[in-house]
file input_11.pdb (PDB, C-alpha atoms and all ligand atoms)
MODEL        1
ATOM      1  CA  MET H   1      -7.132  -7.532 -17.024  1.00  0.00           C
ATOM      2  CA  ASN H   2      -5.260  -5.223 -14.621  1.00  0.00           C
ATOM      3  CA  ASP H   3      -2.591  -6.574 -12.295  1.00  0.00           C
ATOM      4  CA  ILE H   4      -2.449  -4.784  -8.969  1.00  0.00           C
ATOM      5  CA  LYS H   5       0.261  -5.414  -6.421  1.00  0.00           C
ATOM      6  CA  LEU H   6      -0.085  -4.348  -2.810  1.00  0.00           C
ATOM      7  CA  ALA H   7       2.225  -4.825   0.164  1.00  0.00           C
ATOM      8  CA  LEU H   8       1.256  -4.859   3.840  1.00  0.00           C
ATOM      9  CA  LEU H   9       3.848  -3.409   6.164  1.00  0.00           C
ATOM     10  CA  GLY H  10       3.947  -2.823   9.900  1.00  0.00           C
ATOM     11  CA  SER H  11       5.235  -4.074  13.219  1.00  0.00           C
ATOM     12  CA  GLN H  12       5.169  -7.664  14.243  1.00  0.00           C
ATOM     13  CA  GLY H  13       1.780  -8.503  15.719  1.00  0.00           C
ATOM     14  CA  ALA H  14       0.059  -5.322  14.487  1.00  0.00           C
ATOM     15  CA  GLY H  15      -2.464  -7.545  12.733  1.00  0.00           C
ATOM     16  CA  LYS H  16      -1.340  -7.385   9.084  1.00  0.00           C
ATOM     17  CA  SER H  17      -2.355 -10.974   8.346  1.00  0.00           C
ATOM     18  CA  ALA H  18      -5.612 -10.575  10.272  1.00  0.00           C
ATOM     19  CA  VAL H  19      -6.544  -7.470   8.252  1.00  0.00           C
ATOM     20  CA  LEU H  20      -5.658  -9.118   4.964  1.00  0.00           C
ATOM     21  CA  VAL H  21      -7.385 -12.410   5.697  1.00  0.00           C
ATOM     22  CA  ARG H  22     -10.495 -10.489   6.788  1.00  0.00           C
ATOM     23  CA  PHE H  23     -10.516  -8.743   3.413  1.00  0.00           C
ATOM     24  CA  LEU H  24      -9.848 -11.878   1.373  1.00  0.00           C
ATOM     25  CA  THR H  25     -12.134 -14.302   3.214  1.00  0.00           C
ATOM     26  CA  ARG H  26     -14.447 -12.091   5.336  1.00  0.00           C
ATOM     27  CA  ARG H  27     -13.321 -14.129   8.325  1.00  0.00           C
ATOM     28  CA  PHE H  28     -11.211 -13.413  11.377  1.00  0.00           C
ATOM     29  CA  ILE H  29      -8.742 -16.133  12.146  1.00  0.00           C
ATOM     30  CA  GLY H  30      -7.187 -15.652  15.567  1.00  0.00           C
ATOM     31  CA  GLU H  31      -3.736 -17.098  14.987  1.00  0.00           C
ATOM     32  CA  TYR H  32      -1.622 -17.388  11.856  1.00  0.00           C
ATOM     33  CA  ALA H  33       1.550 -19.279  11.143  1.00  0.00           C
ATOM     34  CA  SER H  34       3.617 -16.147  10.816  1.00  0.00           C
ATOM     35  CA  ASN H  35       7.169 -17.315  10.264  1.00  0.00           C
ATOM     36  CA  THR H  36       7.070 -17.037   6.472  1.00  0.00           C
ATOM     37  CA  ASN H  37       6.403 -14.369   3.877  1.00  0.00           C
ATOM     38  CA  SER H  38       3.158 -14.906   1.996  1.00  0.00           C
ATOM     39  CA  LEU H  39       1.962 -13.798  -1.397  1.00  0.00           C
ATOM     40  CA  TYR H  40      -1.810 -13.922  -1.804  1.00  0.00           C
ATOM     41  CA  HIS H  41      -3.643 -13.867  -5.143  1.00  0.00           C
ATOM     42  CA  LYS H  42      -7.247 -12.934  -5.694  1.00  0.00           C
ATOM     43  CA  ARG H  43      -9.401 -12.102  -8.699  1.00  0.00           C
ATOM     44  CA  LEU H  44     -11.683  -9.165  -8.067  1.00  0.00           C
ATOM     45  CA  SER H  45     -14.126  -7.008  -9.897  1.00  0.00           C
ATOM     46  CA  ILE H  46     -14.143  -3.319  -8.975  1.00  0.00           C
ATOM     47  CA  ASP H  47     -16.255  -0.769 -10.848  1.00  0.00           C
ATOM     48  CA  GLY H  48     -16.900  -3.425 -13.489  1.00  0.00           C
ATOM     49  CA  ARG H  49     -13.169  -4.011 -14.089  1.00  0.00           C
ATOM     50  CA  GLN H  50     -11.571  -7.419 -13.622  1.00  0.00           C
ATOM     51  CA  LEU H  51      -8.418  -7.352 -11.550  1.00  0.00           C
ATOM     52  CA  ASN H  52      -5.688  -9.745 -10.551  1.00  0.00           C
ATOM     53  CA  LEU H  53      -4.746  -8.734  -7.043  1.00  0.00           C
ATOM     54  CA  GLU H  54      -1.454  -9.826  -5.502  1.00  0.00           C
ATOM     55  CA  VAL H  55      -0.752  -8.959  -1.888  1.00  0.00           C
ATOM     56  CA  PHE H  56       2.592  -9.422  -0.201  1.00  0.00           C
ATOM     57  CA  ASP H  57       2.289 -10.095   3.525  1.00  0.00           C
ATOM     58  CA  PRO H  58       5.811 -10.258   4.892  1.00  0.00           C
ATOM     59  CA  CYS H  59       6.726 -12.009   8.063  1.00  0.00           C
ATOM     60  CA  SER H  60       8.092  -9.182  10.207  1.00  0.00           C
ATOM     61  CA  GLU H  61      10.958 -11.304  11.485  1.00  0.00           C
ATOM     62  CA  SER H  62      12.296 -12.305   8.083  1.00  0.00           C
ATOM     63  CA  SER H  63      15.145 -10.510   6.396  1.00  0.00           C
ATOM     64  CA  GLU H  64      13.174 -10.493   3.114  1.00  0.00           C
ATOM     65  CA  ALA H  65      10.555  -8.314   4.769  1.00  0.00           C
ATOM     66  CA  ARG H  66      13.226  -5.778   5.611  1.00  0.00           C
ATOM     67  CA  CYS H  67      14.540  -6.041   2.056  1.00  0.00           C
ATOM     68  CA  ILE H  68      11.321  -4.739   0.581  1.00  0.00           C
ATOM     69  CA  LEU H  69      12.169  -1.393   2.115  1.00  0.00           C
ATOM     70  CA  GLU H  70      15.903  -1.608   1.709  1.00  0.00           C
ATOM     71  CA  GLU H  71      15.638  -2.170  -2.011  1.00  0.00           C
ATOM     72  CA  PRO H  72      13.804   0.565  -3.878  1.00  0.00           C
ATOM     73  CA  VAL H  73      10.117   0.050  -3.109  1.00  0.00           C
ATOM     74  CA  ASP H  74       9.524  -0.967  -6.678  1.00  0.00           C
ATOM     75  CA  TRP H  75       7.493  -4.129  -6.484  1.00  0.00           C
ATOM     76  CA  ALA H  76       4.268  -2.793  -5.012  1.00  0.00           C
ATOM     77  CA  ASP H  77       1.801  -0.417  -6.678  1.00  0.00           C
ATOM     78  CA  GLY H  78       0.344   0.516  -3.292  1.00  0.00           C
ATOM     79  CA  PHE H  79       0.864  -0.053   0.424  1.00  0.00           C
ATOM     80  CA  VAL H  80      -1.188  -0.780   3.506  1.00  0.00           C
ATOM     81  CA  VAL H  81       0.768   0.297   6.593  1.00  0.00           C
ATOM     82  CA  VAL H  82      -0.702  -1.251   9.739  1.00  0.00           C
ATOM     83  CA  TYR H  83      -0.179  -0.348  13.392  1.00  0.00           C
ATOM     84  CA  ASN H  84      -1.892  -1.503  16.558  1.00  0.00           C
ATOM     85  CA  ILE H  85      -3.783   1.303  18.364  1.00  0.00           C
ATOM     86  CA  SER H  86      -2.941  -0.324  21.710  1.00  0.00           C
ATOM     87  CA  ASP H  87       0.809  -0.312  21.003  1.00  0.00           C
ATOM     88  CA  HIS H  88       2.528   3.049  20.635  1.00  0.00           C
ATOM     89  CA  THR H  89       5.757   1.459  19.403  1.00  0.00           C
ATOM     90  CA  SER H  90       3.929   0.035  16.400  1.00  0.00           C
ATOM     91  CA  PHE H  91       2.722   3.564  15.597  1.00  0.00           C
ATOM     92  CA  ILE H  92       6.295   4.923  15.676  1.00  0.00           C
ATOM     93  CA  ASN H  93       7.299   2.056  13.413  1.00  0.00           C
ATOM     94  CA  ALA H  94       4.463   2.890  10.993  1.00  0.00           C
ATOM     95  CA  LYS H  95       5.723   6.491  10.936  1.00  0.00           C
ATOM     96  CA  ASN H  96       9.215   5.280   9.951  1.00  0.00           C
ATOM     97  CA  ILE H  97       7.807   2.992   7.278  1.00  0.00           C
ATOM     98  CA  LEU H  98       5.792   5.848   5.739  1.00  0.00           C
ATOM     99  CA  GLN H  99       8.923   7.964   5.651  1.00  0.00           C
ATOM    100  CA  GLN H 100      10.930   5.169   4.029  1.00  0.00           C
ATOM    101  CA  ILE H 101       8.264   4.632   1.363  1.00  0.00           C
ATOM    102  CA  ARG H 102       8.216   8.349   0.625  1.00  0.00           C
ATOM    103  CA  GLU H 103      11.997   8.614   0.423  1.00  0.00           C
ATOM    104  CA  ALA H 104      12.382   5.511  -1.735  1.00  0.00           C
ATOM    105  CA  ARG H 105       9.681   6.656  -4.138  1.00  0.00           C
ATOM    106  CA  THR H 106      10.993  10.223  -4.307  1.00  0.00           C
ATOM    107  CA  ASP H 107      14.449   8.951  -5.261  1.00  0.00           C
ATOM    108  CA  ASN H 108      13.059   6.663  -7.951  1.00  0.00           C
ATOM    109  CA  CYS H 109      10.164   8.525  -9.504  1.00  0.00           C
ATOM    110  CA  LYS H 110      11.132  12.174  -9.621  1.00  0.00           C
ATOM    111  CA  GLY H 111       8.156  14.382 -10.325  1.00  0.00           C
ATOM    112  CA  GLU H 112       5.601  11.596 -10.098  1.00  0.00           C
ATOM    113  CA  VAL H 113       2.521  11.754  -7.899  1.00  0.00           C
ATOM    114  CA  ASP H 114       2.707   9.944  -4.559  1.00  0.00           C
ATOM    115  CA  VAL H 115       2.331   6.189  -4.507  1.00  0.00           C
ATOM    116  CA  PRO H 116      -1.056   5.219  -2.995  1.00  0.00           C
ATOM    117  CA  VAL H 117      -0.786   4.298   0.686  1.00  0.00           C
ATOM    118  CA  CYS H 118      -3.371   3.625   3.373  1.00  0.00           C
ATOM    119  CA  LEU H 119      -2.436   3.960   7.046  1.00  0.00           C
ATOM    120  CA  VAL H 120      -4.468   1.543   9.169  1.00  0.00           C
ATOM    121  CA  GLY H 121      -4.904   1.668  12.955  1.00  0.00           C
ATOM    122  CA  ASN H 122      -5.940  -1.913  13.768  1.00  0.00           C
ATOM    123  CA  LYS H 123      -7.410  -3.469  16.954  1.00  0.00           C
ATOM    124  CA  GLN H 124      -9.995  -0.727  17.417  1.00  0.00           C
ATOM    125  CA  ASP H 125     -11.866  -3.177  19.676  1.00  0.00           C
ATOM    126  CA  LEU H 126      -9.025  -2.665  22.192  1.00  0.00           C
ATOM    127  CA  CYS H 127      -9.813   1.047  22.577  1.00  0.00           C
ATOM    128  CA  HIS H 128     -10.031   0.657  26.393  1.00  0.00           C
ATOM    129  CA  VAL H 129      -6.237   0.081  26.327  1.00  0.00           C
ATOM    130  CA  ARG H 130      -5.589   2.534  23.506  1.00  0.00           C
ATOM    131  CA  GLN H 131      -2.093   4.081  23.326  1.00  0.00           C
ATOM    132  CA  VAL H 132      -2.539   5.977  20.047  1.00  0.00           C
ATOM    133  CA  ARG H 133      -5.345   8.536  19.698  1.00  0.00           C
ATOM    134  CA  GLU H 134      -7.365   8.506  16.503  1.00  0.00           C
ATOM    135  CA  ASP H 135      -6.384  12.106  15.698  1.00  0.00           C
ATOM    136  CA  GLU H 136      -2.672  11.148  15.946  1.00  0.00           C
ATOM    137  CA  GLY H 137      -3.255   8.547  13.229  1.00  0.00           C
ATOM    138  CA  ARG H 138      -5.238  11.005  11.123  1.00  0.00           C
ATOM    139  CA  CYS H 139      -2.563  13.662  11.520  1.00  0.00           C
ATOM    140  CA  LEU H 140       0.239  11.281  10.507  1.00  0.00           C
ATOM    141  CA  ALA H 141      -1.757  10.279   7.437  1.00  0.00           C
ATOM    142  CA  GLN H 142      -2.293  13.936   6.506  1.00  0.00           C
ATOM    143  CA  GLU H 143       1.435  14.631   6.836  1.00  0.00           C
ATOM    144  CA  ASN H 144       2.098  11.752   4.466  1.00  0.00           C
ATOM    145  CA  ARG H 145      -0.808  12.604   2.121  1.00  0.00           C
ATOM    146  CA  CYS H 146      -2.330   9.168   2.530  1.00  0.00           C
ATOM    147  CA  HIS H 147      -5.704   7.730   3.463  1.00  0.00           C
ATOM    148  CA  PHE H 148      -6.370   6.730   7.083  1.00  0.00           C
ATOM    149  CA  GLN H 149      -8.743   4.252   8.669  1.00  0.00           C
ATOM    150  CA  GLU H 150      -9.110   2.693  12.112  1.00  0.00           C
ATOM    151  CA  VAL H 151     -10.420  -0.881  11.958  1.00  0.00           C
ATOM    152  CA  SER H 152     -10.885  -3.996  13.976  1.00  0.00           C
ATOM    153  CA  ALA H 153      -9.982  -7.110  12.026  1.00  0.00           C
ATOM    154  CA  ALA H 154     -11.464  -9.057  14.930  1.00  0.00           C
ATOM    155  CA  GLU H 155     -14.879  -7.430  14.760  1.00  0.00           C
ATOM    156  CA  SER H 156     -15.656  -5.946  11.398  1.00  0.00           C
ATOM    157  CA  TYR H 157     -15.335  -6.701   7.711  1.00  0.00           C
ATOM    158  CA  GLN H 158     -16.888  -3.627   6.078  1.00  0.00           C
ATOM    159  CA  ASP H 159     -14.305  -0.969   7.042  1.00  0.00           C
ATOM    160  CA  ILE H 160     -11.521  -3.233   5.831  1.00  0.00           C
ATOM    161  CA  ALA H 161     -13.296  -4.001   2.557  1.00  0.00           C
ATOM    162  CA  ASN H 162     -13.841  -0.256   2.032  1.00  0.00           C
ATOM    163  CA  LEU H 163     -10.247   0.658   2.635  1.00  0.00           C
ATOM    164  CA  PHE H 164      -8.903  -1.983   0.240  1.00  0.00           C
ATOM    165  CA  THR H 165     -11.455  -1.001  -2.427  1.00  0.00           C
ATOM    166  CA  GLN H 166     -10.529   2.656  -2.102  1.00  0.00           C
ATOM    167  CA  LEU H 167      -6.805   1.881  -2.221  1.00  0.00           C
ATOM    168  CA  ILE H 168      -7.212  -0.322  -5.300  1.00  0.00           C
ATOM    169  CA  ARG H 169      -9.184   2.453  -7.077  1.00  0.00           C
ATOM    170  CA  GLN H 170      -6.382   4.887  -6.254  1.00  0.00           C
ATOM    171  CA  VAL H 171      -3.780   2.417  -7.543  1.00  0.00           C
ATOM    172  CA  MET H 172      -5.694   1.998 -10.819  1.00  0.00           C
ATOM    173  CA  GLU H 173      -5.762   5.788 -11.288  1.00  0.00           C
ATOM    174  CA  HIS H 174      -2.087   6.014 -10.411  1.00  0.00           C
ATOM    175  CA  LEU H 175      -1.135   3.291 -12.912  1.00  0.00           C
ATOM    176  CA  LYS H 176      -3.216   4.986 -15.604  1.00  0.00           C
ATOM    177  CA  TYR H 177      -1.532   8.315 -14.852  1.00  0.00           C
ATOM    178  CA  ARG H 178       1.914   6.721 -15.145  1.00  0.00           C
ATOM    179  CA  ALA H 179       1.010   4.959 -18.402  1.00  0.00           C
ATOM    180  CA  ASP H 180      -0.378   8.227 -19.860  1.00  0.00           C
ATOM    181  CA  ARG H 181       2.762  10.063 -18.807  1.00  0.00           C
ATOM    182  CA  ARG H 182       4.985   7.457 -20.437  1.00  0.00           C
ATOM    183  CA  ARG H 183       2.884   7.576 -23.628  1.00  0.00           C
ATOM    184  CA  TYR H 184       2.978  11.379 -23.605  1.00  0.00           C
ATOM    185  CA  SER H 185       6.737  11.607 -23.094  1.00  0.00           C
ATOM    186  CA  GLY H 186       7.169   8.852 -25.720  1.00  0.00           C
ATOM    187  CA  SER H 187       5.123  10.771 -28.278  1.00  0.00           C
ATOM    188  CA  LYS H 188       6.934  13.991 -27.336  1.00  0.00           C
ATOM    189  CA  SER H 189      10.306  12.446 -28.052  1.00  0.00           C
ATOM    190  CA  MET H 190       8.935  10.954 -31.295  1.00  0.00           C
ATOM    191  CA  ALA H 191       7.689  14.432 -32.307  1.00  0.00           C
ATOM    192  CA  LYS H 192      11.118  15.846 -31.444  1.00  0.00           C
ATOM    193  CA  LEU H 193      12.789  13.172 -33.581  1.00  0.00           C
ATOM    194  CA  ILE H 194      10.477  13.843 -36.544  1.00  0.00           C
ATOM    195  CA  ASN H 195      11.074  17.559 -36.128  1.00  0.00           C
ATOM    196  CA  ASN H 196      14.808  17.093 -36.024  1.00  0.00           C
ATOM    197  CA  VAL H 197      14.794  15.043 -39.235  1.00  0.00           C
ATOM    198  CA  PHE H 198      12.116  16.819 -41.316  1.00  0.00           C
ATOM    199  CA  GLY H 199      12.523  20.232 -39.710  1.00  0.00           C
ATOM    200  CA  LYS H 200      16.164  20.353 -40.784  1.00  0.00           C
ATOM    201  CA  ARG H 201      15.292  19.185 -44.312  1.00  0.00           C
ATOM    202  CA  ARG H 202      12.664  21.889 -44.653  1.00  0.00           C
ATOM    203  CA  LYS H 203      15.291  24.472 -43.684  1.00  0.00           C
ATOM    204  CA  SER H 204      17.681  23.355 -46.375  1.00  0.00           C
ATOM    205  CA  VAL H 205      15.030  23.500 -49.142  1.00  0.00           C
TER     206      VAL H 205
HETATM  207  N1  LIG Q 301      -8.147  -7.840  19.689  1.00  0.00           N
HETATM  208  C1  LIG Q 301      -7.687  -7.927  18.443  1.00  0.00           C
HETATM  209  N2  LIG Q 301      -6.686  -8.776  18.144  1.00  0.00           N
HETATM  210  C2  LIG Q 301      -6.257  -8.835  16.868  1.00  0.00           C
HETATM  211  C3  LIG Q 301      -6.823  -8.033  15.836  1.00  0.00           C
HETATM  212  N3  LIG Q 301      -6.150  -8.302  14.684  1.00  0.00           N
HETATM  213  C4  LIG Q 301      -5.219  -9.220  14.989  1.00  0.00           C
HETATM  214  N4  LIG Q 301      -5.273  -9.549  16.281  1.00  0.00           N
HETATM  215  C5  LIG Q 301      -4.424 -10.506  16.997  1.00  0.00           C
HETATM  216  O1  LIG Q 301      -3.085  -9.973  17.015  1.00  0.00           O
HETATM  217  C6  LIG Q 301      -2.143 -11.037  16.887  1.00  0.00           C
HETATM  218  C7  LIG Q 301      -1.206 -10.751  15.711  1.00  0.00           C
HETATM  219  O2  LIG Q 301      -1.963 -10.774  14.502  1.00  0.00           O
HETATM  220  P1  LIG Q 301      -1.287 -11.088  13.089  1.00  0.00           P
HETATM  221  O3  LIG Q 301      -2.322 -10.851  12.059  1.00  0.00           O
HETATM  222  O4  LIG Q 301      -0.582 -12.396  13.118  1.00  0.00           O
HETATM  223  O5  LIG Q 301      -0.206  -9.908  13.074  1.00  0.00           O
HETATM  224  P2  LIG Q 301       0.934  -9.660  11.972  1.00  0.00           P
HETATM  225  O6  LIG Q 301       1.127  -8.180  11.909  1.00  0.00           O
HETATM  226  O7  LIG Q 301       0.608 -10.340  10.696  1.00  0.00           O
HETATM  227  O8  LIG Q 301       2.172 -10.329  12.668  1.00  0.00           O
HETATM  228  P3  LIG Q 301       3.537 -10.916  11.990  1.00  0.00           P
HETATM  229  O9  LIG Q 301       3.132 -11.877  10.929  1.00  0.00           O
HETATM  230  O10 LIG Q 301       4.243 -11.551  13.136  1.00  0.00           O
HETATM  231  O11 LIG Q 301       4.270  -9.755  11.461  1.00  0.00           O
HETATM  232  C8  LIG Q 301      -2.950 -12.322  16.743  1.00  0.00           C
HETATM  233  O12 LIG Q 301      -3.043 -12.919  18.015  1.00  0.00           O
HETATM  234  C9  LIG Q 301      -4.314 -11.848  16.291  1.00  0.00           C
HETATM  235  O13 LIG Q 301      -5.352 -12.708  16.709  1.00  0.00           O
HETATM  236  C10 LIG Q 301      -7.910  -7.146  16.174  1.00  0.00           C
HETATM  237  O14 LIG Q 301      -8.464  -6.406  15.361  1.00  0.00           O
HETATM  238  N5  LIG Q 301      -8.280  -7.135  17.496  1.00  0.00           N
ENDMDL
END
call {"tool": "encode", "arguments": {"input": "input_11.pdb", "output": "structure tokens"}}
result
Amino acid sequence: MNDIKLALLGSQGAGKSAVLVRFLTRRFIGEYASNTNSLYHKRLSIDGRQLNLEVFDPCSESSEARCILEEPVDWADGFVVVYNISDHTSFINAKNILQQIREARTDNCKGEVDVPVCLVGNKQDLCHVRQVREDEGRCLAQENRCHFQEVSAAESYQDIANLFTQLIRQVMEHLKYRADRRRYSGSKSMAKLINNVFGKRRKSV
């Protein structure tokens, strides 16, 4: 069984919990107790594979939430970065978060492919008071080579289910790529070792 770890990041009130709870329960719950960090677990089956999904939903006010970006972004295999389309400040914050993820991952995993990220513009139902155009979101996602989706946690389940499913597929591919790379570099160094030992012997014969 695969373990997949995701983290939701974004401004306070952007709707991180609403998006996640919509995905996990299909329901929209208007208000959440949001003064603690939460770790959600769910068993899923995607493309016939059983998965253990863990999702970290930090409370934006807590210092632990800030830690996840201050420490190398090692815990999560993928990220959902949420902003509120009716709040431009939350979009600027999402931009900073994307940059921090990229920088942290570049420092840690030199030469590796990008960590899977999905940028989510939430509260699409509030488009009459929109402060962030859809193409601005799309453009930011392109700059950061990540997937983009506008959703309304209040009104729709399907878009949110699709984005999580797509992100999880990407994470599975990414984990497989990393495992293959490790195996390959492991077998390369083993071949080097064998060569060093037996190659030298052959020379002396
Ligand atoms: N209109 C509308 N309101 C939403 C939507 N999603 C969330 N909300 C509301 O926005 C507020 C904040 O939602 P939360 O899910 O608690 O936001 P959060 O990002 O988890 O906030 P913190 O836990 O404080 O970081 C709540 O009042 C939600 O009911 C949406 O799609 N549309």
call {"tool": "residues_around", "arguments": {"input": "input_11.pdb", "residues": "Lys16 in chain H", "least_positions_apart": "6", "cutoff": "10 Å", "atoms": "all atoms listed in the file", "output": "list of chain:residue names"}}
result
H:Ala7, H:Leu8, H:Leu9, H:Gly10, H:Arg22, H:Asp57, H:Pro58, H:Cys59, H:Ser60, H:Val80, H:Val81, H:Val82, H:Tyr83, H:Asn84, H:Val120, H:Asn122, H:Ala153
call {"tool": "write_last_selection", "arguments": {"input": "input_11.pdb", "atoms": "C-alpha atoms", "output": "short mmCIF file (atom, residue, chain, number, x, y, z; two decimals), in the coordinates of the input"}}
result
data_model
loop_
_atom_site.label_atom_id
_atom_site.label_comp_id
_atom_site.auth_asym_id
_atom_site.auth_seq_id
_atom_site.Cartn_x
_atom_site.Cartn_y
_atom_site.Cartn_z
CA ALA H 7 2.22 -4.82 0.16
CA LEU H 8 1.26 -4.86 3.84
CA LEU H 9 3.85 -3.41 6.16
CA GLY H 10 3.95 -2.82 9.90
CA ARG H 22 -10.50 -10.49 6.79
CA ASP H 57 2.29 -10.10 3.52
CA PRO H 58 5.81 -10.26 4.89
CA CYS H 59 6.73 -12.01 8.06
CA SER H 60 8.09 -9.18 10.21
CA VAL H 80 -1.19 -0.78 3.51
CA VAL H 81 0.77 0.30 6.59
CA VAL H 82 -0.70 -1.25 9.74
CA TYR H 83 -0.18 -0.35 13.39
CA ASN H 84 -1.89 -1.50 16.56
CA VAL H 120 -4.47 1.54 9.17
CA ASN H 122 -5.94 -1.91 13.77
CA ALA H 153 -9.98 -7.11 12.03
#
call {"tool": "closest_residue", "arguments": {"input": "input_11.pdb", "among": "H:Ala161, H:Ala179, H:Leu98, H:Met172", "to": "Ala141 in chain H", "atoms": "only C-alpha atoms"}}
result
H:Leu98
call {"tool": "residues_around", "arguments": {"input": "input_11.pdb", "residues": "range 131-139 of chain H", "least_positions_apart": "6", "cutoff": "12 Å", "atoms": "all atoms listed in the file", "output": "list in words"}}
result
Val81, Val82, Tyr83, Asn84, Ile85, Ser86, Asp87, His88, Thr89, Ser90, Phe91, Ile92, Ala94, Lys95, Cys118, Leu119, Val120, Gly121, Asn122, Lys123, Gln124, Arg145, Cys146, His147, Phe148, Gln149, Glu150 and Val151 of chain H
call {"tool": "closest_residue", "arguments": {"input": "input_11.pdb", "among": "H:Leu126, H:Ile4, H:Ile97, H:Leu163", "to": "ligand LIG 301 (chain Q)", "atoms": "all atoms listed in the file"}}
result
H:Leu126
call {"tool": "residues_near_point", "arguments": {"input": "input_11.pdb", "point": "(5.7, 9.6, 3.2)", "cutoff": "8 Å", "atoms": "all atoms listed in the file", "output": "PyMOL selection string"}}
result
chain H and resi 98-103+143-145
call {"tool": "residues_around", "arguments": {"input": "input_11.pdb", "residues": "Leu53 in chain H", "least_positions_apart": "4", "cutoff": "8 Å", "atoms": "all atoms listed in the file", "output": "ChimeraX atom specification"}}
result
/H:3-6,40-44
call {"tool": "write_last_selection", "arguments": {"input": "input_11.pdb", "atoms": "C-alpha atoms", "output": "PDB file, in the frame of the given file"}}
result
ATOM      1  CA  ASP H   3      -2.591  -6.574 -12.295  1.00  0.00           C
ATOM      2  CA  ILE H   4      -2.449  -4.784  -8.969  1.00  0.00           C
ATOM      3  CA  LYS H   5       0.261  -5.414  -6.421  1.00  0.00           C
ATOM      4  CA  LEU H   6      -0.085  -4.348  -2.810  1.00  0.00           C
ATOM      5  CA  TYR H  40      -1.810 -13.922  -1.804  1.00  0.00           C
ATOM      6  CA  HIS H  41      -3.643 -13.867  -5.143  1.00  0.00           C
ATOM      7  CA  LYS H  42      -7.247 -12.934  -5.694  1.00  0.00           C
ATOM      8  CA  ARG H  43      -9.401 -12.102  -8.699  1.00  0.00           C
ATOM      9  CA  LEU H  44     -11.683  -9.165  -8.067  1.00  0.00           C
TER      10      LEU H  44
END
call {"tool": "axis_aligned_box", "arguments": {"input": "input_11.pdb", "around": "ligand LIG 301 (chain Q)", "padding_each_side": "5 Å", "output": "lines of an AutoDock Vina configuration file"}}
result
center_x = -2.1
center_y = -9.7
center_z = 15.2
size_x = 22.7
size_y = 16.5
size_z = 19.0
call {"tool": "resolve_selection", "arguments": {"input": "input_11.pdb", "expression": "the PyMOL selection byres (((chain H and resi 28-30) around 10) and not hetatm)", "output": "NGL selection string"}}
result
:H and (15 or 17-23 or 25-27 or 31-32 or 152-157)
call {"tool": "closest_residue", "arguments": {"input": "input_11.pdb", "among": "H:Leu39, H:Val171, H:Cys127, H:Val55", "to": "ligand LIG 301 (chain Q)", "atoms": "only C-alpha atoms and all ligand atoms"}}
result
H:Cys127
call {"tool": "atom_distance", "arguments": {"input": "input_11.pdb", "atom1": "atom C7 of ligand LIG 301 (chain Q)", "atom2": "CA of Ser45 in chain H"}}
result
28.9 Å
call {"tool": "atom_distance", "arguments": {"input": "input_11.pdb", "atom1": "atom O8 of ligand LIG 301 (chain Q)", "atom2": "CA of Ser11 in chain H"}}
result
7.0 Å
call {"tool": "closest_residue", "arguments": {"input": "input_11.pdb", "among": "H:Arg178, H:Trp75, H:Asp47, H:Asp114", "to": "Thr165 in chain H", "atoms": "all atoms listed in the file"}}
result
H:Asp47
call {"tool": "closest_residue", "arguments": {"input": "input_11.pdb", "among": "H:Val115, H:Ile46, H:Asp77, H:Val129", "to": "ligand LIG 301 (chain Q)", "atoms": "only C-alpha atoms and all ligand atoms"}}
result
H:Val129
call {"tool": "decode", "arguments": {"input": "input_11.pdb", "residues": "range 9-19 of chain H", "atoms": "N, CA and C atoms", "output": "mmCIF file, in the first residue's frame"}}
result
data_model
loop_
_atom_site.group_PDB
_atom_site.id
_atom_site.type_symbol
_atom_site.label_atom_id
_atom_site.label_comp_id
_atom_site.auth_asym_id
_atom_site.auth_seq_id
_atom_site.Cartn_x
_atom_site.Cartn_y
_atom_site.Cartn_z
ATOM 1 N N LEU H 9 -1.650 24.602 1.952
ATOM 2 C CA LEU H 9 -1.071 25.850 2.423
ATOM 3 C C LEU H 9 -1.832 27.015 1.813
ATOM 4 N N GLY H 10 -1.817 28.129 2.504
ATOM 5 C CA GLY H 10 -2.512 29.319 1.977
ATOM 6 C C GLY H 10 -2.868 30.253 3.107
ATOM 7 N N SER H 11 -3.409 31.404 2.727
ATOM 8 C CA SER H 11 -3.749 32.429 3.719
ATOM 9 C C SER H 11 -4.857 31.965 4.644
ATOM 10 N N GLN H 12 -4.912 32.618 5.762
ATOM 11 C CA GLN H 12 -5.993 32.374 6.703
ATOM 12 C C GLN H 12 -7.330 32.733 6.037
ATOM 13 N N GLY H 13 -8.267 31.808 6.112
ATOM 14 C CA GLY H 13 -9.600 32.082 5.575
ATOM 15 C C GLY H 13 -9.740 31.853 4.076
ATOM 16 N N ALA H 14 -8.685 31.373 3.422
ATOM 17 C CA ALA H 14 -8.769 31.126 1.970
ATOM 18 C C ALA H 14 -9.718 29.972 1.661
ATOM 19 N N GLY H 15 -9.921 29.118 2.665
ATOM 20 C CA GLY H 15 -10.844 27.992 2.481
ATOM 21 C C GLY H 15 -10.139 26.646 2.389
ATOM 22 N N LYS H 16 -8.961 26.551 3.001
ATOM 23 C CA LYS H 16 -8.187 25.286 2.960
ATOM 24 C C LYS H 16 -9.000 24.143 3.556
ATOM 25 N N SER H 17 -9.524 24.374 4.769
ATOM 26 C CA SER H 17 -10.286 23.302 5.433
ATOM 27 C C SER H 17 -11.537 22.974 4.636
ATOM 28 N N ALA H 18 -12.188 24.001 4.104
ATOM 29 C CA ALA H 18 -13.423 23.777 3.334
ATOM 30 C C ALA H 18 -13.140 22.901 2.111
ATOM 31 N N VAL H 19 -12.037 23.199 1.420
ATOM 32 C CA VAL H 19 -11.668 22.429 0.222
ATOM 33 C C VAL H 19 -11.374 20.979 0.612
#
